[in-house]
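Colleague: Just one file: protein00.cif, with mmCIF, C-alpha atoms and all ligand atoms.
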```
data_upload
#
loop_
_atom_site.label_atom_id
_atom_site.label_comp_id
_atom_site.auth_asym_id
_atom_site.auth_seq_id
_atom_site.Cartn_x
_atom_site.Cartn_y
_atom_site.Cartn_z
CA LYS A 158 187.96 -26.09 62.52
CA GLU A 159 189.12 -28.44 65.26
CA ILE A 160 187.87 -27.59 68.73
CA VAL A 161 190.40 -26.72 71.41
CA VAL A 162 189.60 -26.40 75.13
CA SER A 163 191.85 -25.64 78.09
CA GLY A 164 191.65 -23.95 81.48
CA ILE A 165 193.80 -22.50 84.21
CA ARG A 166 192.85 -22.54 87.87
CA SER A 167 192.47 -19.23 89.65
CA THR A 168 194.73 -20.18 92.54
CA GLY A 169 197.30 -17.40 92.28
CA ILE A 170 199.65 -15.54 90.00
CA LEU A 171 200.60 -17.50 86.89
CA HIS A 172 204.13 -18.82 86.54
CA LEU A 173 206.50 -19.98 83.83
CA GLY A 174 205.07 -23.50 83.90
CA ASN A 175 201.59 -22.19 83.15
CA TYR A 176 202.97 -19.99 80.43
CA PHE A 177 205.04 -22.58 78.61
CA GLY A 178 202.83 -25.59 79.33
CA ALA A 179 199.60 -23.86 78.42
CA ILE A 180 199.39 -20.18 77.45
CA ARG A 181 202.10 -20.23 74.79
CA ASN A 182 200.12 -22.92 72.98
CA TYR A 183 196.87 -20.97 73.40
CA ILE A 184 198.38 -17.97 71.65
CA ARG A 185 199.54 -20.00 68.69
CA MET A 186 196.35 -22.04 68.48
CA GLN A 187 194.04 -19.03 68.45
CA GLU A 188 194.97 -18.41 64.81
CA GLU A 189 194.02 -21.84 63.47
CA TYR A 190 191.50 -23.46 65.79
CA ASN A 191 188.11 -22.89 67.35
CA CYS A 192 189.36 -22.18 70.88
CA TYR A 193 187.61 -22.20 74.26
CA PHE A 194 189.86 -21.03 77.09
CA PHE A 195 188.59 -20.53 80.60
CA VAL A 196 189.49 -19.58 84.15
CA ALA A 197 188.78 -22.65 86.25
CA ASP A 198 187.29 -21.04 89.35
CA TRP A 199 185.29 -24.12 90.39
CA HIS A 200 188.46 -26.21 90.31
CA SER A 201 190.10 -23.84 92.77
CA LEU A 202 187.31 -24.34 95.36
CA THR A 203 188.86 -27.63 96.49
CA THR A 204 191.11 -25.71 98.89
CA HIS A 205 188.32 -23.39 100.17
CA PRO A 206 189.89 -20.07 99.11
CA ASP A 207 188.94 -16.79 100.71
CA PRO A 208 186.14 -15.39 98.45
CA LYS A 209 187.83 -12.03 98.00
CA ALA A 210 191.15 -13.62 97.10
CA LEU A 211 189.42 -15.99 94.66
CA ARG A 212 187.66 -13.11 92.93
CA GLY A 213 190.92 -11.21 92.59
CA ASN A 214 192.66 -14.27 91.17
CA VAL A 215 189.95 -14.76 88.53
CA PHE A 216 190.45 -11.22 87.23
CA ARG A 217 194.20 -11.63 87.47
CA VAL A 218 194.27 -14.87 85.44
CA LEU A 219 192.06 -13.30 82.78
CA ALA A 220 194.34 -10.26 82.62
CA GLU A 221 197.47 -12.41 82.44
CA ASN A 222 196.05 -14.45 79.58
CA ILE A 223 195.22 -11.32 77.62
CA ALA A 224 198.55 -9.67 78.52
CA SER A 225 200.36 -12.75 77.21
CA GLY A 226 198.76 -12.28 73.81
CA LEU A 227 195.39 -14.03 73.91
CA ASP A 228 192.84 -12.14 71.84
CA PRO A 229 189.27 -12.35 73.21
CA GLU A 230 188.00 -11.51 69.72
CA LYS A 231 189.63 -14.64 68.31
CA VAL A 232 188.90 -17.12 71.10
CA THR A 233 186.07 -17.74 73.54
CA LEU A 234 187.55 -16.62 76.87
CA TYR A 235 185.28 -17.20 79.86
CA VAL A 236 184.99 -18.12 83.51
CA GLN A 237 183.98 -21.71 84.29
CA SER A 238 181.25 -20.85 86.82
CA ASP A 239 179.53 -18.66 84.22
CA VAL A 240 178.64 -21.84 82.31
CA PRO A 241 176.37 -23.91 84.59
CA GLU A 242 175.91 -26.50 81.82
CA ILE A 243 179.38 -27.79 82.74
CA ALA A 244 178.06 -28.78 86.18
CA GLU A 245 175.22 -30.80 84.64
CA LEU A 246 177.59 -32.67 82.34
CA TYR A 247 179.88 -33.23 85.34
CA LEU A 248 176.97 -34.93 87.12
CA MET A 249 176.35 -37.17 84.10
CA LEU A 250 180.03 -38.07 83.74
CA ASN A 251 180.30 -38.86 87.43
CA MET A 252 178.17 -41.90 86.65
CA MET A 253 180.89 -43.10 84.25
CA ALA A 254 183.72 -42.61 86.77
CA TYR A 255 184.64 -45.27 89.31
CA LYS A 256 185.84 -44.55 92.81
CA GLY A 257 188.79 -46.95 92.48
CA GLU A 258 190.24 -45.34 89.38
CA LEU A 259 189.82 -41.84 90.82
CA GLU A 260 191.63 -42.82 94.00
CA LYS A 261 194.56 -44.12 91.97
CA VAL A 262 195.27 -40.80 90.21
CA PRO A 263 198.79 -39.66 91.25
CA THR A 264 197.83 -35.98 91.61
CA PHE A 265 194.98 -37.01 93.94
CA LYS A 266 197.36 -39.13 96.01
CA ASP A 267 199.79 -36.18 96.19
CA LYS A 268 197.09 -33.83 97.41
CA VAL A 269 195.98 -36.36 100.03
CA ARG A 270 199.55 -36.61 101.26
CA GLN A 271 199.93 -32.82 101.34
CA ASN A 272 196.65 -32.14 103.09
CA PRO A 273 195.11 -35.25 104.66
CA ASP A 274 192.49 -33.20 106.53
CA ASN A 275 190.78 -31.98 103.38
CA VAL A 276 190.20 -34.98 101.14
CA ASN A 277 186.87 -33.79 99.78
CA ALA A 278 184.77 -35.28 96.98
CA GLY A 279 185.58 -32.35 94.70
CA LEU A 280 189.25 -33.24 94.91
CA LEU A 281 188.53 -36.89 94.15
CA THR A 282 186.39 -36.01 91.14
CA TYR A 283 188.71 -33.33 89.75
CA PRO A 284 189.36 -35.39 86.57
CA VAL A 285 185.61 -35.73 86.03
CA LEU A 286 185.01 -31.98 86.20
CA MET A 287 188.00 -31.48 83.93
CA SER A 288 186.45 -33.93 81.46
CA ALA A 289 183.16 -32.05 81.57
CA ASP A 290 185.07 -28.80 80.89
CA ILE A 291 186.46 -30.29 77.70
CA LEU A 292 183.58 -32.44 76.51
CA ILE A 293 180.97 -29.70 76.99
CA HIS A 294 182.39 -28.14 73.80
CA ARG A 295 183.25 -31.52 72.26
CA GLY A 296 186.87 -30.45 72.49
CA TYR A 297 189.50 -32.57 70.81
CA LYS A 298 192.90 -30.90 71.29
CA VAL A 299 193.80 -29.84 74.82
CA PRO A 300 196.92 -27.72 75.26
CA VAL A 301 198.29 -28.61 78.71
CA GLY A 302 201.51 -29.31 80.55
CA LYS A 303 202.80 -32.81 81.20
CA ASP A 304 201.19 -32.89 84.66
CA GLN A 305 197.77 -33.17 83.02
CA GLU A 306 198.56 -36.13 80.77
CA GLN A 307 196.97 -38.72 82.98
CA HIS A 308 193.84 -36.66 83.60
CA LEU A 309 193.32 -36.55 79.87
CA GLU A 310 193.62 -40.28 79.60
CA MET A 311 190.72 -40.42 82.05
CA SER A 312 188.77 -37.93 79.94
CA ARG A 313 189.17 -40.27 76.98
CA ASN A 314 187.90 -43.16 79.08
CA PHE A 315 184.83 -41.25 80.27
CA ALA A 316 184.06 -40.07 76.73
CA GLN A 317 184.41 -43.60 75.42
CA ARG A 318 182.18 -45.06 78.15
CA PHE A 319 179.49 -42.49 77.46
CA ASN A 320 179.67 -43.08 73.71
CA ASN A 321 179.53 -46.87 74.15
CA ARG A 322 176.57 -46.72 76.49
CA TYR A 323 174.44 -43.99 74.94
CA GLY A 324 175.72 -43.38 71.40
CA GLN A 325 178.44 -41.40 69.74
CA LEU A 326 178.62 -37.83 71.07
CA PHE A 327 182.11 -37.01 72.30
CA PRO A 328 185.51 -37.02 70.60
CA GLU A 329 188.32 -38.57 72.66
CA PRO A 330 190.43 -35.56 73.65
CA VAL A 331 194.22 -35.57 73.36
CA PRO A 332 196.85 -33.45 75.12
CA PHE A 333 198.64 -31.05 72.81
CA ASN A 334 201.86 -29.10 72.64
CA PHE A 335 203.17 -27.40 69.52
CA GLY A 336 206.18 -29.15 68.11
CA ASP A 337 207.31 -31.60 70.73
CA ASP A 338 206.61 -33.47 73.95
CA LEU A 339 204.41 -31.99 76.64
CA ILE A 340 206.26 -29.45 78.76
CA ARG A 341 207.17 -29.83 82.41
CA ILE A 342 208.96 -26.95 84.08
CA MET A 343 210.53 -27.95 87.37
CA SER A 344 210.78 -25.72 90.39
CA LEU A 345 214.16 -23.89 90.40
CA ASP A 346 215.19 -25.70 93.58
CA GLY A 347 214.83 -29.00 91.74
CA ASN A 348 211.90 -30.17 93.89
CA GLY A 349 208.94 -31.20 91.77
CA LYS A 350 207.06 -29.13 89.23
CA MET A 351 206.89 -25.37 89.33
CA SER A 352 203.53 -24.50 90.88
CA LYS A 353 201.55 -21.45 91.95
CA SER A 354 201.50 -22.01 95.65
CA GLU A 355 204.50 -24.22 96.50
CA ASN A 356 208.19 -23.23 96.70
CA GLN A 357 207.38 -19.62 95.91
CA ASN A 358 211.05 -18.59 96.01
CA ALA A 359 211.82 -21.15 93.34
CA THR A 360 208.88 -20.20 91.10
CA ILE A 361 209.07 -17.44 88.51
CA TYR A 362 205.77 -15.59 88.35
CA LEU A 363 204.54 -13.49 85.47
CA ASN A 364 204.41 -10.50 87.85
CA ASP A 365 207.94 -10.87 89.27
CA SER A 366 210.09 -7.73 89.15
CA ASP A 367 213.42 -7.81 87.31
CA ASP A 368 215.21 -7.97 90.64
CA ALA A 369 213.05 -10.82 91.92
CA ILE A 370 213.80 -12.76 88.73
CA ARG A 371 217.55 -12.17 89.09
CA SER A 372 217.56 -13.22 92.71
CA LYS A 373 215.50 -16.40 92.11
CA ILE A 374 217.59 -17.50 89.15
CA LYS A 375 220.78 -16.81 91.09
CA LYS A 376 219.58 -19.22 93.78
CA ALA A 377 218.54 -21.96 91.32
CA LYS A 378 219.99 -25.35 92.12
CA THR A 379 223.22 -26.21 90.27
CA ASP A 380 226.36 -28.19 91.13
CA SER A 381 230.08 -28.11 90.42
CA GLY A 382 229.52 -29.01 86.77
CA PRO A 383 230.07 -32.15 84.70
CA GLN A 384 233.24 -34.15 85.34
CA GLU A 385 233.41 -35.81 81.91
CA PRO A 386 232.65 -34.55 78.39
CA ASN A 387 229.12 -35.19 77.12
CA SER A 388 227.75 -36.19 80.54
CA VAL A 389 224.05 -36.71 81.07
CA MET A 390 222.51 -33.53 82.53
CA PRO A 391 221.00 -33.79 86.01
CA ASP A 392 217.30 -32.91 85.81
CA TYR A 393 217.69 -29.54 87.62
CA ILE A 394 220.32 -28.50 85.04
CA SER A 395 218.32 -29.68 82.05
CA ASN A 396 215.41 -27.68 83.51
CA LEU A 397 217.52 -24.51 83.27
CA PHE A 398 218.27 -25.40 79.66
CA THR A 399 214.57 -26.02 78.95
CA ILE A 400 213.76 -22.59 80.36
CA MET A 401 216.64 -21.04 78.42
CA ARG A 402 215.40 -22.54 75.17
CA LEU A 403 212.12 -20.75 75.83
CA VAL A 404 213.44 -17.23 76.48
CA SER A 405 216.99 -16.98 75.09
CA THR A 406 218.32 -16.97 71.54
CA PRO A 407 219.37 -20.25 69.90
CA ASP A 408 222.97 -18.97 69.89
CA THR A 409 222.93 -18.54 73.66
CA VAL A 410 221.53 -22.03 74.13
CA GLN A 411 224.15 -23.48 71.80
CA HIS A 412 226.95 -21.64 73.57
CA PHE A 413 226.04 -23.03 77.00
CA THR A 414 225.24 -26.49 75.65
CA ASP A 415 228.71 -26.67 74.10
CA ALA A 416 230.23 -25.39 77.33
CA PHE A 417 228.41 -28.12 79.27
CA ASN A 418 229.52 -30.81 76.85
CA ASN A 419 233.17 -29.62 77.03
CA CYS A 420 233.05 -29.45 80.84
CA GLY A 421 233.77 -25.71 80.57
CA ILE A 422 230.43 -24.45 81.82
CA ARG A 423 230.23 -21.70 84.44
CA TYR A 424 226.79 -21.78 85.94
CA GLY A 425 227.21 -18.24 87.29
CA ASP A 426 227.49 -16.96 83.70
CA LEU A 427 224.57 -19.09 82.56
CA LYS A 428 222.39 -17.75 85.35
CA LYS A 429 223.30 -14.15 84.62
CA GLN A 430 222.41 -14.48 80.95
CA LEU A 431 219.26 -16.43 81.71
CA ALA A 432 218.14 -13.85 84.29
CA GLU A 433 218.53 -10.99 81.81
CA ASP A 434 216.68 -12.84 79.05
CA MET A 435 213.95 -13.84 81.47
CA ALA A 436 213.52 -10.31 82.83
CA ALA A 437 213.23 -8.98 79.27
CA PHE A 438 210.65 -11.65 78.50
CA ILE A 439 208.48 -11.11 81.61
CA LYS A 440 208.53 -7.29 81.75
CA PRO A 441 206.04 -6.51 78.97
CA ILE A 442 203.64 -9.22 80.18
CA ARG A 443 203.84 -7.89 83.75
CA GLU A 444 203.20 -4.32 82.67
CA ARG A 445 200.30 -5.16 80.37
CA ALA A 446 198.68 -7.43 82.96
CA GLU A 447 198.82 -4.69 85.59
CA ALA A 448 197.08 -2.23 83.29
CA ILE A 449 194.41 -4.73 82.18
CA GLU A 450 193.75 -5.96 85.72
CA HIS A 451 192.70 -2.47 86.76
CA ASP A 452 190.34 -2.03 83.82
CA GLN A 453 187.37 -3.67 85.50
CA ALA A 454 184.85 -2.49 82.89
CA TYR A 455 186.88 -4.06 80.09
CA LEU A 456 187.30 -7.36 81.94
CA ASN A 457 183.61 -7.50 82.80
CA ARG A 458 182.71 -7.03 79.16
CA ILE A 459 185.13 -9.79 78.10
CA MET A 460 183.70 -12.13 80.74
CA ARG A 461 180.12 -11.46 79.74
CA GLU A 462 180.73 -11.90 76.03
CA GLY A 463 182.85 -15.01 76.63
CA ALA A 464 180.17 -16.58 78.84
CA GLU A 465 177.53 -16.01 76.19
CA LYS A 466 179.58 -17.69 73.47
CA ALA A 467 180.61 -20.56 75.74
CA ARG A 468 177.03 -21.20 76.85
CA ALA A 469 175.76 -21.27 73.28
CA SER A 470 178.12 -24.16 72.57
CA ALA A 471 177.51 -25.86 75.94
CA VAL A 472 173.71 -25.85 75.62
CA GLN A 473 173.90 -27.72 72.32
CA THR A 474 176.10 -30.50 73.70
CA LEU A 475 173.93 -30.85 76.76
CA GLN A 476 170.74 -31.14 74.72
CA GLU A 477 172.32 -33.99 72.75
CA ALA A 478 173.53 -35.68 75.92
CA ARG A 479 170.09 -35.44 77.56
CA LYS A 480 168.42 -36.86 74.47
CA LEU A 481 170.81 -39.79 74.26
CA MET A 482 170.32 -40.54 77.98
CA GLY A 483 166.53 -40.38 77.76
CA LEU A 484 166.27 -37.16 79.77
CA ASN A 485 164.23 -35.31 77.12
CA TYR A 486 160.59 -35.19 78.29
CA TYR A 487 159.03 -32.25 76.47
N1 LIG A 501 205.35 -26.78 86.02
C1 LIG A 501 204.60 -26.85 84.94
N2 LIG A 501 205.15 -27.17 83.74
C2 LIG A 501 204.37 -27.21 82.63
N3 LIG A 501 203.05 -26.95 82.63
C3 LIG A 501 202.48 -26.63 83.80
N4 LIG A 501 201.23 -26.31 84.13
C4 LIG A 501 201.17 -26.06 85.44
N5 LIG A 501 202.37 -26.21 86.01
C5 LIG A 501 203.21 -26.56 85.01
C6 LIG A 501 200.11 -26.21 83.19
O1 LIG A 501 199.43 -25.00 83.42
C7 LIG A 501 198.04 -25.20 83.18
C8 LIG A 501 197.23 -24.69 84.34
O2 LIG A 501 197.47 -25.48 85.47
P1 LIG A 501 196.75 -25.28 86.86
O3 LIG A 501 195.71 -24.27 86.75
O4 LIG A 501 196.41 -26.58 87.46
O5 LIG A 501 197.87 -24.58 87.67
P2 LIG A 501 199.11 -25.12 88.47
O6 LIG A 501 200.05 -24.00 88.53
O7 LIG A 501 199.53 -26.44 87.99
O8 LIG A 501 198.47 -25.28 89.77
P3 LIG A 501 199.08 -26.00 90.95
O9 LIG A 501 200.52 -25.78 91.01
O10 LIG A 501 198.60 -27.40 90.98
O11 LIG A 501 198.33 -25.08 91.89
P4 LIG A 501 198.50 -24.92 93.36
O12 LIG A 501 199.96 -24.60 93.60
O13 LIG A 501 197.59 -23.78 93.63
O14 LIG A 501 198.08 -26.24 93.94
C9 LIG A 501 197.86 -26.68 82.91
O15 LIG A 501 197.80 -26.89 81.52
C10 LIG A 501 199.10 -27.29 83.47
O16 LIG A 501 199.46 -28.48 82.80
#
```
Mind turning the file's structure into structure tokens?

Modeller:
Amino acid sequence: KEIVVSGIRSTGILHLGNYFGAIRNYIRMQEEYNCYFFVADWHSLTTHPDPKALRGNVFRVLAENIASGLDPEKVTLYVQSDVPEIAELYLMLNMMAYKGELEKVPTFKDKVRQNPDNVNAGLLTYPVLMSADILIHRGYKVPVGKDQEQHLEMSRNFAQRFNNRYGQLFPEPVPFNFGDDLIRIMSLDGNGKMSKSENQNATIYLNDSDDAIRSKIKKAKTDSGPQEPNSVMPDYISNLFTIMRLVSTPDTVQHFTDAFNNCGIRYGDLKKQLAEDMAAFIKPIRERAEAIEHDQAYLNRIMREGAEKARASAVQTLQEARKLMGLNYY
């Protein structure tokens, strides 16, 4: 079976982007692949979160994954910091990563712009830790959203450099989305990608109430509609259609697509329908996640079992890596 690895940072409540970029793929892949999915708690340390909040978010992300349909019996579900082998591989891969290329990564440049007072080394080497996350299991397919495409290109480079220098060990991992291109859900106000901690009123979270969903979708950016038949959709409108394709029936999507193409679209109607379909989609996830989140004993068991399975795989890769690098003395 092909090996699949992917993680989600514990920086807050998950949103539609996380669901459709990542989790939806996880759920489908768990049937056919050997899957390692993890909560990336180390990755969230770059912004120095409050320890109590971080802890809560780790449990929450685990619960949301399971509530969305991930089966811990079918996949290895674990928390990144429970697998210290990842940190050792990260150290090794840091020797394959050059400062110049890390500084050029667009997400790094964005973070520097957003928060110039906290440009720490962990932020700079984010793509290296992400590579270690994947390569520690010799992962090949990586279900992620479009925002991670460039990081994966770096993972392939680091894998290739290691293999060329020390001998073949790592596959070159590729981003993966079932069916089509990688997904990018934009914020509902049309400003950048939907994210956990930015534009919270334009982000739909997996724990939003029906009313919150209605009110956010009502405020989504639209305009006065196309002036000519078959116009090109502005990106904030095509984002609403992308989201609609994910939660509404094909008939609904067709109806509004035709209305757009005939210049007869009423965005108020589209939003109403989309809000109802979205509320119906989120409700069961929200309710399951709430119940799971409070079952601490269950989550602790899942974490422990996941860590054990993940470490068994990680230790093997690390032994090979040490041997190839000459770090095997006994
Ligand atoms: N908007 C998105 N569209 C499609 N996929 C997305 N992903 C994230 N946002 C979108 C995918 O979700 C997975 C986990 O990503 P992450 O843990 O880095 O979370 P995030 O929400 O992307 O985090 P932010 O927004 O970067 O966090 P904050 O706001 O805390 O700074 C990945 O597969 C990602 O592609």

Colleague: If you count all atoms listed in the file, which residues fall within 9 Å of Gly169 of chain A, apart from same-chain ones fewer than 4 positions away, as a list in words?

Modeller: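 These residues fall inside the cut-off: Ala210, Leu211, Gly213, Asn214, Val215, Arg217, Val218, Lys353 and Ser354 of chain A.
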
Colleague: Taking the point (182.1, -27.3, 84.1) as given in the file, collect each protein or nucleic acid residue that comes within 6 Å of it, counting only C-alpha atoms, and present the set as a list of chain:residue names.

Modeller: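 Collected hits near the coordinates: A:Gln237, A:Ile243, A:Ala244, A:Leu286, A:Ala289, A:Asp290.
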
Colleague: For segment 382-396 of chain A, work out the shell of residues within 10 Å, counting only C-alpha atoms and skipping chain neighbours fewer than 2 positions away, then give it as a VMD selection string.

Modeller: chain A and resid 341 to 349 377 to 380 398 to 402 414 to 424

Colleague: Have a look at A:Cys192, A:Ile449, A:Ala197, A:Val410 and name the one nearest to Val232 of chain A; count all atoms listed in the file.

Modeller: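 Looking at the shortest contact to Val232 of chain A, the residue is A:Cys192.
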
Colleague: May I have the residues at most 9 Å from (188.7, -32.3, 98.8) in the file's coordinates, counting all atoms listed in the file, as a VMD selection string?

Modeller: chain A and resid 202 to 204 268 to 269 274 to 282

Colleague: I'd like the interatomic distance between atom CA of Glu433 of chain A and atom CA of His172 of chain A, to a tenth of an Å.

Modeller: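 Between these atoms lies a distance of 17.1 Å.
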
Colleague: Quick one: of A:Leu427, A:Leu456, A:Ala179, A:Val262, who's nearest to Leu339 of chain A, counting all atoms listed in the file?

Modeller: A:Ala179

Colleague: Could you tell me how far atom CA of Leu309 of chain A lies from atom CA of Tyr297 of chain A, in Å and to one decimal?

Modeller: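 According to the coordinates, atom CA of Leu309 of chain A and atom CA of Tyr297 of chain A are separated by 10.6 Å.
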
Colleague: If I take atom CA of Glu310 of chain A and atom CA of Glu188 of chain A, how far is one from the other in Å, to one decimal?

Modeller: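 For atom CA of Glu310 of chain A relative to atom CA of Glu188 of chain A, the distance reads 26.4 Å.
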
Colleague: Within 6 Å of ligand LIG 501 (chain A) (counting all atoms listed in the file), which residues show up? I'd like them as a ChimeraX atom specification.

Modeller: /A:165-166,168,174-175,178-179,301-305,340-343,350-355

Colleague: Within 10 Å of Ile223 of chain A, counting only C-alpha atoms, which residues show up once you throw out same-chain ones fewer than 4 positions away? Write them as number ranges by chain, please.

Modeller: A: 180, 184, 217-219, 227-229, 234, 442, 445-446, 449-450, 456

Colleague: Considering only C-alpha atoms, return as number ranges by chain whatever protein or nucleic-acid residues lie within 9 Å of Asn314 of chain A, sequence-local ones (same chain, fewer than 4 positions apart) excluded.

Modeller: A: 253-254, 309-310, 318-319, 329

Colleague: Near Arg461 of chain A, within 9 Å and counting only C-alpha atoms, which residues show up once chain neighbours fewer than 4 positions away are dropped, as an MDAnalysis selection string?

Modeller: chainID A and resid 235 239 456:457 465:466

Colleague: Determine the nearest neighbour of Arg295 of chain A from the options A:Asp198, A:Asp338, A:Glu477, A:Asp267, counting only C-alpha atoms.

Modeller: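 Among A:Asp198, A:Asp338, A:Glu477, A:Asp267, it is A:Glu477 that comes nearest to Arg295 of chain A.
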
Colleague: Which one is closest to Glu447 of chain A: A:Ile374, A:Met249, A:Val196, A:Leu363? Count only C-alpha atoms.

Modeller: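 Comparing A:Ile374, A:Met249, A:Val196, A:Leu363 against Glu447 of chain A, the winner is A:Leu363.
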